[in-house]
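Student: Pasting a structure below so you can have a look.
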Amino acid sequence: MATGIRDKVAIVGMGCSRFGERWDSGADDLMVEAFKEAVADAGVERDRIDAAWLGVFYQEQSTSKSGLPLAMALRLPNTPVTRVENLCATGTEALRGAAYAVAAGAVDIALAMGVEKLKDTGFSGLPERTRGTFDDLWHPGFTPPGAFAQLGAAYAARHGFAMDVVKRAMAHISWKSHENAASNPRAHLRNRITIEQALTAPMISYPLGTYDCCGVSDGAACAIVTTPEIAATLGKRDMVTIKALALAPSNGVEMGHASWDGSYTLTSRLAAQRAYCEAGITDPAAQIDLMEVHDCFSITELVLMEDLGFSAPGRAVHDVLDGRYDRDGAVPCQTDGGLKCFGHPVGASGLRMVYEIYTQLLGRAGERQLQAPTLGLTHNLGGIPNRNVASVSVLGLRKL
Amino acid sequence: MTARTGIRSFGAYLPRLRLERTAIAAATGWATGTRGNKARGVRSCCNWDEDSLTMAVEASRACLVGSDRSGVTWLAFASTTHPFADRSNAGVVATALSLPEALRAADVSGTLRAGTGALLQAFVQVRTTAGDALVVAAERRIAKPASEQEMSFGHGAAAIRVGTGDDIVAELLGSASLQDDFVDHYRASDSTFDYALEERWVRDEGYLKIVPRAIAAALADAGVAASAVKHLVIQGPGRFAAAIAKAAGIAADSLQDDLHLVCGDTGTAHPLLMLGAVLERAAAGDVILLASFGQGSDAIVLRATGRTPSSGRGLQGALAEGAPDREYLRFLSNCGVVDIDWGMRAERDNRTAHTVAWRKHRDVTGFIGGKCSQCGTVQFPKSRACVNPECRAFDTQVEHPLAESGGRVKTFTEDWLAVTRSPPHVYGNVALDAGANLFAEFADTPPGALAIGTPVRFVFRIKDVDRVRDFHRYFWKAAPVRT
C-alpha cells in the first residue's frame with residue numbers, strides 16, 4: 001500500500017531569480033542566477049546532484065525541447081536531466097519528479113528547475129500558439145484572460161452576486177498583491193495601487209480589467225531536494241519537508257459535460273483533497289498558515305479560496321473583502337505578490353511559490369516575514385478553467 | 001397525368017449587419033460629390049466570418065426546416081462569388097447540411113443568371129430522377145469604395161427545394177431562356193471588382209430588348225396570358241422594371257419591390273429572394289412570373305398553391321433579423337478592401353492539418369457529436385471514451401447531429417485581447433439542449449448581448465483564415481436568439 005511522500009523529502013536549498021522583463025537575460029542566464037543561490041543555500045557541490053528535472057512550458061520560446069538546456073546552462077557533469085511540461089503546473093511537476101526520485105531512494109540529491117523566457121515574443125501577453133491539429137478545427141480562439149474571465153459571470157450567477165460586488169472583491173485581491181510585492185525586491189511589479197485604480201482600469205476581457213491580470217515575466221526558480229537524513233548530514237537543523245504533492249488533470253468533464261457550471265475549478269478541488277489526505281490535514285483553514293495560489297487573474301484567486309477549502313461556498317467574496325487573506329489576515333495569501341506581482345514565468349511559477357513558502361517557514365522573508373508559520377500550501381492551475389492541470393503541494397517546517 | 005412539378009419550400013438568409021447608405025455617403029462624399037445625396041435605406045453586409053458559402057448553408061437550413069433531408073438527391077449552389085475556385089463549394093454545403101452521400105452536387109456560376117439557371121435545371125432534374133433538388137444561390141460581391149455598386153449591392157442568399165407532387169408551394173407552368181453576350185458589366189476571373197457600363201445603354205439595349213422577349217416566350221410556353229400575371233419579379237434595378245412590365249404587357253401593380261431599400265442587390269440570389277417574398281404572400285391560383293438578367297434572360301411562370309413556403313426563415317424573417325450599422329470602415333475591413341493592423345498576435349500560423357480535417361470532416365463541418373449508447377450522454381467532439389464521469393465507457397458513441405439544437409450560455413467573456421477581425425472576441429461554454437456541452441465562439445454578438453442563460457442557436461461560419469495558403473476553414477458558432 002502506497003504511503004505517499006509525506007516527510008520523506010527535504011528541501012535543502014532554493015534559488016529564485018529576479019522576475020520581470022529581463023531584457024538583459026536569456027533562459028540560461030536566469031537558470032544560472034537561480035541555481036547559484038540554491039547551491040550556496042544547500043551547501044552542496046554542483047557535481048553532487050544525482051539527477052535533475054527541468055520544467056519549461058513554451059519550449060519554442062524559452063529554450064528548446066529536452067533536458068539539454070539545463071545540462072548546458074549549468075554545465076552539469078552529464079547528469080541525467082528530464083524535461084517536464086504540464087502547463088502552468090510545470091514548475092511543480094519538476095519538483096514532483098525530483099522529490100519522487102529521492103523518496104524512491106533512486107537518488108540522494110536531486111534538482112528541480114523551472115524557467116521561462118517570455119519576453120522575446122515582441123508583444124505583450126503570452127505567445128500565440130496552435131491548439132493542436134484537431135482542436136484548431138473547432139476549439140475557440142482564446143486568450144488566458146478571456147478564458148479565466150468566464151469564471152466571473154458564472155460565479156456571480158451561481159452565488160447571486162451583482163457583478164460590481166464581485167469586481168470589488170477582485171480589486172481587493174489585486175490591491176493586496178501589489179501591497180505585498182512592494183516589499184519584495186525580486187518581484188516584477190512593485191508599485192502600489194488603489195482599489196479605485198483596479199476598478200476603473202481598461203477592460204481586457206469582461207469582467208477582467210488590466211489590474212485583474214498577472215504579469216508576464218521572465219524568471220527561473222529551483223529547489224535542491226534530498227532525504228531528511230542526508231539533509232541532517234549537511235548540517236540542516238530546521239528543515240522544510242514536503243508533506244504532499246498532488247496533481248489532478250481534467251479529463252474533459254468541465255468542457256464536455258453538463259455537471260460543471262463554470263463557476264469553479266474542478267481539478268483544484270480534487271488536487272486539494274488528495275494533498276490534504278497525503279499531508280494528514282483535516283481542516284486546511286485552521287491548519288495552514290500561508291498559501292501561494294495560482295492567481296493568474298484575480299477572479300481565479302477568488303474562486304480558489306472556495307475550491308481549496310478556505311472559504312465556504314459563496315463566501316469568498318465576503319472573506320476577501322474582510323481581509324481574511326491579506327498579509328495580516330487569518331491565512332495570508334501571496335505574501336510575495338503572487339503571480340499577479342512577483343510575475344508569472346510559466347515554467348518557474350510553481351517553484352517560485354515553493355520558494356516563498358520555504359523562505360517564510362525558515363524565517364528569512366525580511367520585511368514581509370509572517371509570525372512563525374509552520375505549514376504552507378502552493379497551488380497551480382495550468383490551462384484554462386474548462387480544461388486544465390491543477391497541482392497542490394503542502395510544505396512544513398520540521399524543527400530538530 | 002404527370003405529377004405536378006414545383007417549389008416545395010423556400011428559405012432566405014441576410015447577414016445581420018445592415019449598413020445605412022447615408023454612412024457610405026458620409027464617408028465617401030468628399031470623393032463622390034452630390035452623388036451620395038440620394039443615399040437611402042440599408043444594404044446587407046457579411047460579417048468578417050461570412051461568405052457566400054456560409055450564407056448558402058443558412059438559407060438552406062431555413063428552407064429545410066421540418067423536412068426530411070434524406071430526400072434531397074441533387075444540389076446546386078449558384079454564385080459568382082464562390083469562395084473556392086477549385087474545390088466543390090456545393091460539397092461543403094452538402095456536408096454542413098449532412099445531406100446524404102448519394103448526392104449530385106454542383107457549383108453553378110459565370111453569370112448573375114446562375115440562380116434562375118440552377119432553378120430551371122432543378123425542375124428538369126426532379127422530373128427525371130427520384131428525390132428532391134435543392135437550389136441555393138448566395139452572393140457576397142465586393143465593390144470598390146465610393147462606387148455605385150458599393151451602394152447598390154447587398155449580401156444574401158436564398159434556397160429553394162424543388163420536387164414533384166401535390167405538397168408544393170408553386171407549380172411550374174412554363175419557362176424560356178434566351179442567350180446573348182450582352183456585357184452590362186463583367187468581372188474577370190482574377191479581379192475583385194466589377195466593371196460596369198453606362199446605365200442608360202444597359203437599360204435600353206439590354207434589359208428592355210432582352211427581358212420582354214424571354215417573358216413572352218415563357219408565357220407562350222405556359223399557355224398563360226400576360227394579363228393573368230399577378231406577381232412579376234424582375235432581376236435588376238427596380239427603376240427599369242416598370243418599363244419592362246409595360247413592354248411585356250403586364251400590369252405595373254404586379255411588380256415585386258426590388259428590395260433596394262432593405263438589403264440591396266444580392267446578385268445571383270436576388271431573383272430567388274424576391275420570388276420568396278412573393279411566395280410568402282401569394283394566394284392560391286396566383287400566377288407568378290420570374291425573369292432574370294445576365295447575358296440573356298431566364299423567364300419562369302409559376303402558379304401559387306396557397307401553401308406556406310417554409311416553416312423556417314423566409315424573406316420577412318431575414319429582413320427582421322437585421323441590425324442597423326454605420327461602421328463604414330469595419331464594412332471595408334469585413335470586405336477585405338482595407339487591411340487593418342491586428343498586431344503581431346495575428347501572425348500566428350493558421351495552417352490546416354488537412355489529414356485531420358478529412359478524418360473529422362463530418363463531425364466538424366456537419367456539427368455531429370456523439371451519443372453514448374450506454375448512458376445516453378451527448379457530447380462534442382465524438383470520442384472513443386464517454387465524457388460522463390459516471391460512465392467513461394469505450395466505443396459506445398453513435399453519431400448525434402447538433403447543428404439544429406439550441407442551447408444556453410453557461411459562461412462567456414468579451415475579450416479585447418484575442419485576435420479577431422471584429423473585436424471583442426466573444427466566446428464561452430454553451431450547454432446545448434441536445435445535452436452536449438461545448439466551448440464555442442459566438443457570431444454576431446456585440447458587447448452586452450450575453451448573460452448567463454441567454455438562449456443561443458448555432459450558425460455556420462468561417463472559423464479561421466490562413467492567409468499564407470489562401471485557405472479558410474468553417475465551423476459552427478453560437479449566436480444569441482433574438483426575439
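Naming works like this for the C-alpha cells: A, B, ... for the chains as they're shown, residue 1 at the start of each chain, ligands 1 onward in shown order.
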Can you list, as a PDB file with N, CA and C atoms, in the first residue's frame, all residues belonging to stretch 135-310 of chain A that DSSP tags as strand (DSSP E or B)?
Tutor:
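So result-v3.pdb came out as:
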ATOM      1  N   MET A 203     -10.771  47.587 -19.721  1.00  0.00           N
ATOM      2  CA  MET A 203     -11.251  46.206 -19.782  1.00  0.00           C
ATOM      3  C   MET A 203     -10.358  45.398 -20.722  1.00  0.00           C
ATOM      4  N   ILE A 204      -9.902  44.257 -20.251  1.00  0.00           N
ATOM      5  CA  ILE A 204      -9.142  43.336 -21.110  1.00  0.00           C
ATOM      6  C   ILE A 204     -10.106  42.267 -21.642  1.00  0.00           C
ATOM      7  N   SER A 205     -10.701  41.530 -20.730  1.00  0.00           N
ATOM      8  CA  SER A 205     -11.721  40.533 -21.080  1.00  0.00           C
ATOM      9  C   SER A 205     -12.782  40.609 -19.988  1.00  0.00           C
ATOM     10  N   LEU A 208     -12.623  41.217 -16.535  1.00  0.00           N
ATOM     11  CA  LEU A 208     -11.258  41.464 -16.080  1.00  0.00           C
ATOM     12  C   LEU A 208     -10.672  42.729 -16.694  1.00  0.00           C
ATOM     13  N   GLY A 209     -10.232  43.644 -15.825  1.00  0.00           N
ATOM     14  CA  GLY A 209      -9.502  44.815 -16.296  1.00  0.00           C
ATOM     15  C   GLY A 209      -8.006  44.567 -16.182  1.00  0.00           C
ATOM     16  N   CYS A 213      -5.121  41.127 -14.052  1.00  0.00           N
ATOM     17  CA  CYS A 213      -4.277  40.180 -14.786  1.00  0.00           C
ATOM     18  C   CYS A 213      -2.862  40.192 -14.230  1.00  0.00           C
ATOM     19  N   ASP A 218       9.837  37.140 -17.159  1.00  0.00           N
ATOM     20  CA  ASP A 218      10.934  36.186 -17.325  1.00  0.00           C
ATOM     21  C   ASP A 218      11.421  35.797 -15.933  1.00  0.00           C
ATOM     22  N   GLY A 219      11.860  34.566 -15.779  1.00  0.00           N
ATOM     23  CA  GLY A 219      12.413  34.198 -14.475  1.00  0.00           C
ATOM     24  C   GLY A 219      12.699  32.718 -14.370  1.00  0.00           C
ATOM     25  N   ALA A 220      13.421  32.377 -13.318  1.00  0.00           N
ATOM     26  CA  ALA A 220      13.735  30.970 -13.028  1.00  0.00           C
ATOM     27  C   ALA A 220      13.719  30.770 -11.526  1.00  0.00           C
ATOM     28  N   ALA A 221      13.353  29.556 -11.108  1.00  0.00           N
ATOM     29  CA  ALA A 221      13.396  29.202  -9.696  1.00  0.00           C
ATOM     30  C   ALA A 221      13.764  27.731  -9.603  1.00  0.00           C
ATOM     31  N   CYS A 222      14.469  27.359  -8.529  1.00  0.00           N
ATOM     32  CA  CYS A 222      14.872  25.964  -8.425  1.00  0.00           C
ATOM     33  C   CYS A 222      14.950  25.508  -6.977  1.00  0.00           C
ATOM     34  N   ALA A 223      14.913  24.207  -6.802  1.00  0.00           N
ATOM     35  CA  ALA A 223      14.983  23.607  -5.474  1.00  0.00           C
ATOM     36  C   ALA A 223      15.935  22.412  -5.521  1.00  0.00           C
ATOM     37  N   ILE A 224      16.690  22.248  -4.462  1.00  0.00           N
ATOM     38  CA  ILE A 224      17.542  21.065  -4.314  1.00  0.00           C
ATOM     39  C   ILE A 224      16.936  20.229  -3.195  1.00  0.00           C
ATOM     40  N   VAL A 225      16.641  18.985  -3.500  1.00  0.00           N
ATOM     41  CA  VAL A 225      15.947  18.132  -2.534  1.00  0.00           C
ATOM     42  C   VAL A 225      16.767  16.890  -2.218  1.00  0.00           C
ATOM     43  N   THR A 226      16.556  16.390  -1.020  1.00  0.00           N
ATOM     44  CA  THR A 226      17.239  15.169  -0.605  1.00  0.00           C
ATOM     45  C   THR A 226      16.432  14.522   0.509  1.00  0.00           C
ATOM     46  N   MET A 239      14.402  22.271   8.969  1.00  0.00           N
ATOM     47  CA  MET A 239      14.310  21.968   7.537  1.00  0.00           C
ATOM     48  C   MET A 239      12.851  21.934   7.073  1.00  0.00           C
ATOM     49  N   VAL A 240      12.732  22.261   5.789  1.00  0.00           N
ATOM     50  CA  VAL A 240      11.401  22.251   5.178  1.00  0.00           C
ATOM     51  C   VAL A 240      11.217  20.909   4.478  1.00  0.00           C
ATOM     52  N   THR A 241      10.182  20.208   4.877  1.00  0.00           N
ATOM     53  CA  THR A 241       9.906  18.932   4.214  1.00  0.00           C
ATOM     54  C   THR A 241       8.617  19.024   3.409  1.00  0.00           C
ATOM     55  N   ILE A 242       8.543  18.134   2.442  1.00  0.00           N
ATOM     56  CA  ILE A 242       7.355  18.072   1.593  1.00  0.00           C
ATOM     57  C   ILE A 242       6.323  17.173   2.275  1.00  0.00           C
ATOM     58  N   LYS A 243       5.159  17.749   2.536  1.00  0.00           N
ATOM     59  CA  LYS A 243       4.089  16.971   3.184  1.00  0.00           C
ATOM     60  C   LYS A 243       3.208  16.283   2.143  1.00  0.00           C
ATOM     61  N   ALA A 244       3.086  16.924   0.995  1.00  0.00           N
ATOM     62  CA  ALA A 244       2.240  16.345  -0.051  1.00  0.00           C
ATOM     63  C   ALA A 244       2.525  17.029  -1.378  1.00  0.00           C
ATOM     64  N   LEU A 245       2.396  16.253  -2.450  1.00  0.00           N
ATOM     65  CA  LEU A 245       2.469  16.795  -3.815  1.00  0.00           C
ATOM     66  C   LEU A 245       1.369  16.100  -4.599  1.00  0.00           C
ATOM     67  N   ALA A 246       0.323  16.830  -4.932  1.00  0.00           N
ATOM     68  CA  ALA A 246      -0.807  16.195  -5.611  1.00  0.00           C
ATOM     69  C   ALA A 246      -1.064  16.864  -6.957  1.00  0.00           C
ATOM     70  N   LEU A 247      -1.577  16.077  -7.873  1.00  0.00           N
ATOM     71  CA  LEU A 247      -1.813  16.565  -9.228  1.00  0.00           C
ATOM     72  C   LEU A 247      -3.173  16.053  -9.698  1.00  0.00           C
ATOM     73  N   ALA A 248      -3.913  16.902 -10.396  1.00  0.00           N
ATOM     74  CA  ALA A 248      -5.194  16.456 -10.965  1.00  0.00           C
ATOM     75  C   ALA A 248      -5.419  17.129 -12.315  1.00  0.00           C
ATOM     76  N   PRO A 249      -5.335  16.367 -13.402  1.00  0.00           N
ATOM     77  CA  PRO A 249      -5.653  16.927 -14.724  1.00  0.00           C
ATOM     78  C   PRO A 249      -7.122  16.726 -15.071  1.00  0.00           C
ATOM     79  N   LEU A 290      -0.093  29.834   5.590  1.00  0.00           N
ATOM     80  CA  LEU A 290       0.010  30.756   4.451  1.00  0.00           C
ATOM     81  C   LEU A 290      -0.086  29.968   3.162  1.00  0.00           C
ATOM     82  N   MET A 291      -0.412  30.663   2.095  1.00  0.00           N
ATOM     83  CA  MET A 291      -0.528  29.957   0.815  1.00  0.00           C
ATOM     84  C   MET A 291      -0.141  30.852  -0.347  1.00  0.00           C
ATOM     85  N   GLU A 292       0.336  30.165  -1.384  1.00  0.00           N
ATOM     86  CA  GLU A 292       0.640  30.804  -2.657  1.00  0.00           C
ATOM     87  C   GLU A 292      -0.204  30.069  -3.695  1.00  0.00           C
ATOM     88  N   PHE A 297      -5.244  35.409 -12.569  1.00  0.00           N
ATOM     89  CA  PHE A 297      -6.203  36.509 -12.642  1.00  0.00           C
ATOM     90  C   PHE A 297      -6.887  36.607 -11.283  1.00  0.00           C
TER      91      PHE A 297
END
Student: Write out as a Markdown table the residues of chain B that have any atom within 8 Å of an atom of chain A, one row each with the nearest atom pair and its distance in Å to one decimal, counting only C-alpha atoms, sorted by chain and then rising number.
Tutor:
| residue | atom | partner | partner_atom | distance |
| --- | --- | --- | --- | --- |
| B:Met344 | CA | A:Phe123 | CA | 6.7 |
| B:Arg345 | CA | A:Glu128 | CA | 6.2 |
| B:Arg348 | CA | A:Glu128 | CA | 6.2 |
| B:Asp349 | CA | A:Thr130 | CA | 7.7 |
| B:Asn350 | CA | A:Thr130 | CA | 7.7 |
| B:Thr352 | CA | A:Thr133 | CA | 7.3 |
| B:Ala353 | CA | A:Thr133 | CA | 5.8 |
| B:Val356 | CA | A:Phe134 | CA | 6.2 |
| B:Ala357 | CA | A:Leu137 | CA | 7.2 |
| B:Val364 | CA | A:Trp138 | CA | 6.9 |
| B:Gln379 | CA | A:Gly256 | CA | 6.1 |
| B:Phe380 | CA | A:Gly256 | CA | 6.7 |
| B:Val387 | CA | A:Val253 | CA | 5.8 |
| B:Asn388 | CA | A:His257 | CA | 6.3 |
| B:Pro389 | CA | A:Val253 | CA | 6.8 |
| B:Lys410 | CA | A:Asp261 | CA | 6.4 |
| B:Thr411 | CA | A:Gln150 | CA | 5.2 |
| B:Phe412 | CA | A:Gln150 | CA | 5.1 |
| B:Thr413 | CA | A:Tyr206 | CA | 5.4 |
| B:Glu414 | CA | A:Tyr206 | CA | 5.2 |
| B:Asp415 | CA | A:Ser205 | CA | 4.1 |
| B:Trp416 | CA | A:Ile204 | CA | 5.4 |
| B:Leu417 | CA | A:Ile204 | CA | 6.1 |
| B:Ala418 | CA | A:Thr143 | CA | 5.5 |
| B:Val419 | CA | A:Gly141 | CA | 7.7 |
| B:Tyr427 | CA | A:Pro140 | CA | 6.9 |
| B:Gly428 | CA | A:Gln150 | CA | 6.8 |
| B:Asn429 | CA | A:Met255 | CA | 7.3 |
| B:Ala431 | CA | A:Ala258 | CA | 6.9 |
| B:Gly435 | CA | A:Ala258 | CA | 7.3 |
| B:Ala436 | CA | A:Gly256 | CA | 6.6 |
| B:Asn437 | CA | A:Gly256 | CA | 4.7 |
| B:Leu438 | CA | A:Gly256 | CA | 6.0 |
| B:Phe439 | CA | A:Met255 | CA | 6.4 |
| B:Ala440 | CA | A:Pro140 | CA | 5.6 |
| B:Glu441 | CA | A:Pro140 | CA | 5.3 |
| B:Ala451 | CA | A:Ala153 | CA | 7.8 |
| B:Ile452 | CA | A:Ala154 | CA | 6.7 |
| B:Lys463 | CA | A:Leu137 | CA | 7.6 |
| B:Arg473 | CA | A:Leu137 | CA | 7.5 |
| B:Tyr474 | CA | A:Leu137 | CA | 7.9 |
| B:Phe475 | CA | A:Trp138 | CA | 6.3 |
| B:Trp476 | CA | A:Trp138 | CA | 8.0 |
Student: Name all residues at most 12 Å from A:Gln360 (count only C-alpha atoms; drop same-chain ones fewer than 2 positions away) and give them as an MDAnalysis selection string.
Tutor: chainID A and resid 239:240 289:292 332 334:336 353:358 362:377 395:397
Student: With only C-alpha atoms as the atoms that count, which of A:Val12, A:Glu93, A:Arg18, A:Trp175 lies nearest to A:Asp41?
Tutor: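 Going through A:Val12, A:Glu93, A:Arg18, A:Trp175 one by one, the smallest distance to A:Asp41 is for A:Val12.
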Student: DSSP on the backbone: which residues in stretch 141-215 of chain A end up as alpha helix (DSSP H)? Give the answer as a ChimeraX atom specification.
Tutor: /A:144-159,163-181,195-200
Student: Please produce a file of those selected residues containing N, CA and C atoms, as a CSV table (one decimal), in the first residue's frame.
Tutor:
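Final output, saved to selection31.csv:
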chain,number,residue,atom,x,y,z
A,144,PRO,N,-5.6,33.7,-22.4
A,144,PRO,CA,-5.8,33.4,-21.0
A,144,PRO,C,-6.7,34.3,-20.2
A,145,PRO,N,-6.6,35.6,-20.3
A,145,PRO,CA,-7.6,36.4,-19.6
A,145,PRO,C,-9.0,36.1,-20.0
A,146,GLY,N,-9.3,35.9,-21.3
A,146,GLY,CA,-10.6,35.6,-21.8
A,146,GLY,C,-11.1,34.3,-21.2
A,147,ALA,N,-10.3,33.3,-21.2
A,147,ALA,CA,-10.7,32.0,-20.7
A,147,ALA,C,-11.0,32.1,-19.2
A,148,PHE,N,-10.2,32.8,-18.4
A,148,PHE,CA,-10.4,32.8,-17.0
A,148,PHE,C,-11.5,33.8,-16.6
A,149,ALA,N,-11.7,34.8,-17.5
A,149,ALA,CA,-12.8,35.8,-17.2
A,149,ALA,C,-14.1,35.1,-17.2
A,150,GLN,N,-14.3,33.9,-17.8
A,150,GLN,CA,-15.5,33.2,-17.9
A,150,GLN,C,-16.0,32.8,-16.4
A,151,LEU,N,-15.0,32.7,-15.5
A,151,LEU,CA,-15.4,32.3,-14.1
A,151,LEU,C,-16.2,33.5,-13.5
A,152,GLY,N,-16.0,34.7,-14.0
A,152,GLY,CA,-16.6,35.9,-13.3
A,152,GLY,C,-18.1,35.9,-13.4
A,153,ALA,N,-18.6,35.8,-14.6
A,153,ALA,CA,-20.1,35.9,-14.7
A,153,ALA,C,-20.7,34.6,-14.1
A,154,ALA,N,-20.1,33.5,-14.3
A,154,ALA,CA,-20.6,32.2,-13.9
A,154,ALA,C,-20.7,32.2,-12.3
A,155,TYR,N,-19.6,32.7,-11.7
A,155,TYR,CA,-19.5,32.7,-10.2
A,155,TYR,C,-20.6,33.6,-9.7
A,156,ALA,N,-20.7,34.8,-10.3
A,156,ALA,CA,-21.7,35.8,-9.8
A,156,ALA,C,-23.1,35.2,-10.0
A,157,ALA,N,-23.4,34.5,-11.1
A,157,ALA,CA,-24.7,34.0,-11.3
A,157,ALA,C,-25.0,32.8,-10.3
A,158,ARG,N,-24.0,32.0,-10.1
A,158,ARG,CA,-24.1,30.8,-9.2
A,158,ARG,C,-24.5,31.2,-7.8
A,159,HIS,N,-23.8,32.3,-7.3
A,159,HIS,CA,-24.0,32.7,-5.9
A,159,HIS,C,-24.9,33.9,-5.8
A,163,MET,N,-22.4,41.9,-10.4
A,163,MET,CA,-21.0,41.8,-10.8
A,163,MET,C,-20.1,42.9,-10.1
A,164,ASP,N,-20.7,44.0,-9.8
A,164,ASP,CA,-19.9,45.1,-9.1
A,164,ASP,C,-19.4,44.7,-7.8
A,165,VAL,N,-20.1,43.8,-7.1
A,165,VAL,CA,-19.7,43.3,-5.8
A,165,VAL,C,-18.5,42.3,-6.0
A,166,VAL,N,-18.6,41.4,-7.0
A,166,VAL,CA,-17.5,40.5,-7.3
A,166,VAL,C,-16.3,41.3,-7.8
A,167,LYS,N,-16.5,42.3,-8.6
A,167,LYS,CA,-15.4,43.2,-9.1
A,167,LYS,C,-14.7,43.8,-7.9
A,168,ARG,N,-15.4,44.2,-6.9
A,168,ARG,CA,-14.8,44.9,-5.7
A,168,ARG,C,-13.9,43.9,-5.0
A,169,ALA,N,-14.4,42.6,-4.9
A,169,ALA,CA,-13.5,41.6,-4.2
A,169,ALA,C,-12.3,41.3,-5.1
A,170,MET,N,-12.5,41.3,-6.4
A,170,MET,CA,-11.3,41.1,-7.3
A,170,MET,C,-10.3,42.2,-7.2
A,171,ALA,N,-10.8,43.4,-7.1
A,171,ALA,CA,-10.0,44.6,-6.9
A,171,ALA,C,-9.2,44.5,-5.6
A,172,HIS,N,-9.8,44.0,-4.5
A,172,HIS,CA,-9.2,43.9,-3.3
A,172,HIS,C,-8.0,42.9,-3.4
A,173,ILE,N,-8.2,41.8,-4.1
A,173,ILE,CA,-7.2,40.8,-4.3
A,173,ILE,C,-6.0,41.4,-5.0
A,174,SER,N,-6.2,42.2,-6.0
A,174,SER,CA,-5.1,42.7,-6.8
A,174,SER,C,-4.4,43.8,-5.9
A,175,TRP,N,-5.2,44.6,-5.2
A,175,TRP,CA,-4.6,45.6,-4.3
A,175,TRP,C,-3.7,45.0,-3.3
A,176,LYS,N,-4.1,43.9,-2.7
A,176,LYS,CA,-3.4,43.2,-1.7
A,176,LYS,C,-2.1,42.6,-2.3
A,177,SER,N,-2.1,42.1,-3.5
A,177,SER,CA,-0.9,41.5,-4.0
A,177,SER,C,0.1,42.6,-4.4
A,178,HIS,N,-0.4,43.8,-4.8
A,178,HIS,CA,0.6,44.9,-5.1
A,178,HIS,C,1.2,45.4,-3.8
A,179,GLU,N,0.4,45.4,-2.7
A,179,GLU,CA,0.9,45.8,-1.4
A,179,GLU,C,2.0,44.9,-1.0
A,180,ASN,N,1.8,43.6,-1.1
A,180,ASN,CA,2.8,42.6,-0.7
A,180,ASN,C,4.0,42.7,-1.5
A,181,ALA,N,3.9,42.9,-2.8
A,181,ALA,CA,5.1,42.9,-3.7
A,181,ALA,C,5.9,44.1,-3.5
A,195,ILE,N,-7.7,50.6,-4.8
A,195,ILE,CA,-8.8,49.8,-5.2
A,195,ILE,C,-9.5,50.5,-6.4
A,196,GLU,N,-9.6,51.8,-6.3
A,196,GLU,CA,-10.2,52.5,-7.4
A,196,GLU,C,-9.6,52.3,-8.7
A,197,GLN,N,-8.2,52.3,-8.7
A,197,GLN,CA,-7.5,52.1,-9.9
A,197,GLN,C,-7.8,50.7,-10.5
A,198,ALA,N,-7.9,49.7,-9.7
A,198,ALA,CA,-8.2,48.4,-10.2
A,198,ALA,C,-9.6,48.4,-10.8
A,199,LEU,N,-10.5,49.1,-10.1
A,199,LEU,CA,-11.9,49.0,-10.6
A,199,LEU,C,-12.1,49.8,-11.9
A,200,THR,N,-11.3,50.8,-12.1
A,200,THR,CA,-11.6,51.6,-13.3
A,200,THR,C,-10.6,51.4,-14.4
